[in-house]
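Worksheet for the structure shown next.
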Amino acid sequence: MEQNVFAGVYQEIFPFWNGISESDRAFICQNSHALTYAKGTNIHGGNECSGVILVRSGSLRLYIMSEDGRDITLYRLHKGDMCMLSASCVLQTITFDVFVDAEENSECYVIGGPAFAEVSTRNPQIKIFALETAVSRFSDVMWVMQQILFMRMDQRLAIFLADESARTNSDTIALTHEQIARYMGSAREVVSRMLKYFANESIVEVSRKGVKILDKKRLRELAL
């Protein structure tokens, strides 16, 4: 891909772009790649410095994993979102391991981590942008932890279904019970049992196509 294509995109999304030298802009573009990831591909694992990932299409999932293999979804990235936690060489204060998987077939622009880190040492505004981008996502992480630690399971599931419905602009959540459990940091059996309860209360309808919301009012009440 020609560098001017990257430059055009970066000029729109990076507030520091016009404030750095032409040589640094060219260096970032030279170390950028347009990559396609198949659904299920692990893009980033542990504390490696994969680079800065910009989602052009599809969906990515960021999660942490326990020693026994249990994972908790921190947040998901969709078109236009940026992943900075995959560039640990830029954010050296991030010491925990983060994993990134492609939840759908996804097209991304990836700026090499070492190259982005090198340019950031010469341009403090890039380091500031990287930190601000990472910090802005920690509100999502804290929201996840708050739900896991302090909320009832029916409330958590109601919030998830309502949020997913709003995000996709559809009353049908086209996800399996296992996927929902993974996003919520729960067990599939627990999610299936709670969905069965919701279905018995005529709040949702469960089928092979996913979960269809029948009673938005009741769902909102449960989410409070």
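Residue names in the structure tokens use chain letters A, B, ... in the order shown, residue numbers from 1 in each chain, and ligand numbers from 1 in the order shown.
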
Which residues of stretch 115-207 of chain A sit at most 7 Å from stretch 14-23 of chain A, using only C-alpha atoms? Give each one's shortest atom pair and distance in Å (one decimal place), in chain and ascending residue order, as a tab-separated table.
```
residue	atom	partner	partner_atom	distance
A:Asn123	CA	A:Ile20	CA	7.0
A:Gln125	CA	A:Phe16	CA	6.3
A:Ile126	CA	A:Phe16	CA	6.5
```

* Might you pull out every residue within 10 Å of A:His33, with only C-alpha atoms counted and same-chain residues fewer than 2 positions away left off, and present them as JSON, numbers by chain? => {"A": [1, 2, 3, 6, 29, 30, 31, 35, 36, 53, 108, 109, 110, 111, 112]}

* To do: Find the residue from A:Thr172, A:Glu104, A:Ile148, A:Val211 that sits nearest to A:Thr73; use only C-alpha atoms when measuring.
  => A:Ile148

* Which residue out of A:Gln179, A:Gln146, A:Ser88, A:Asn105 has the minimum interatomic distance to A:Leu60 when only C-alpha atoms are used? -> A:Asn105

Any chance you could list, as a JSON list (two decimals) with C-alpha atoms, in the first residue's frame, the residues in stretch 176-221 of chain A that come up strand (DSSP E or B) when DSSP is run on the backbone?
```
[["chain", "number", "residue", "atom", "x", "y", "z"],
["A", 204, "VAL", "CA", -36.07, -12.52, 25.27],
["A", 205, "GLU", "CA", -36.45, -15.32, 22.77],
["A", 206, "VAL", "CA", -33.53, -17.71, 22.38],
["A", 207, "SER", "CA", -32.90, -19.54, 19.11],
["A", 210, "GLY", "CA", -29.11, -15.72, 18.75],
["A", 211, "VAL", "CA", -31.04, -13.84, 21.40],
["A", 212, "LYS", "CA", -33.98, -11.65, 20.37],
["A", 213, "ILE", "CA", -35.10, -8.96, 22.79]]
```

* Would you kindly return, as an NGL selection string, each protein, DNA or RNA residue with an atom no farther than 12 Å from any atom of A:Thr133, considering only C-alpha atoms and excluding same-chain residues fewer than 5 positions away? => :A and (13-15 or 52 or 81-85 or 87 or 90-91 or 126-128 or 138-139)

* Which value, in Å to one decimal, gives the distance between atom CA of A:Asn169 and atom CA of A:Arg220? -> 15.8 Å

* To do: Could you please write out, as an MDAnalysis selection string, every residue of stretch 7-212 of chain A that DSSP assigns to alpha helix (DSSP H)?
  => chainID A and resid 7:13 22:30 113:122 124:150 153:168 177:184 188:200

* Distance query A:Leu214 at most 10 Å, only C-alpha atoms, self and fewer than 4 positions along chain excluded, as a PyMOL selection string -> chain A and resi 171-172+198-199+202-205+218-219

* Fewer than 3 positions away in the same chain doesn't count, so skip those; otherwise give me all residues within 6 Å of A:Ala158, counting only C-alpha atoms, as number ranges by chain. => A: 155, 161, 219, 223

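Atom CA of A:Leu62 lies 6.0 Å from atom CA of A:Arg76.
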
* Counting only C-alpha atoms, the option among A:Ser59, A:Thr121, A:Ser50, A:Ser66 closest to A:Phe96 -> A:Ser66
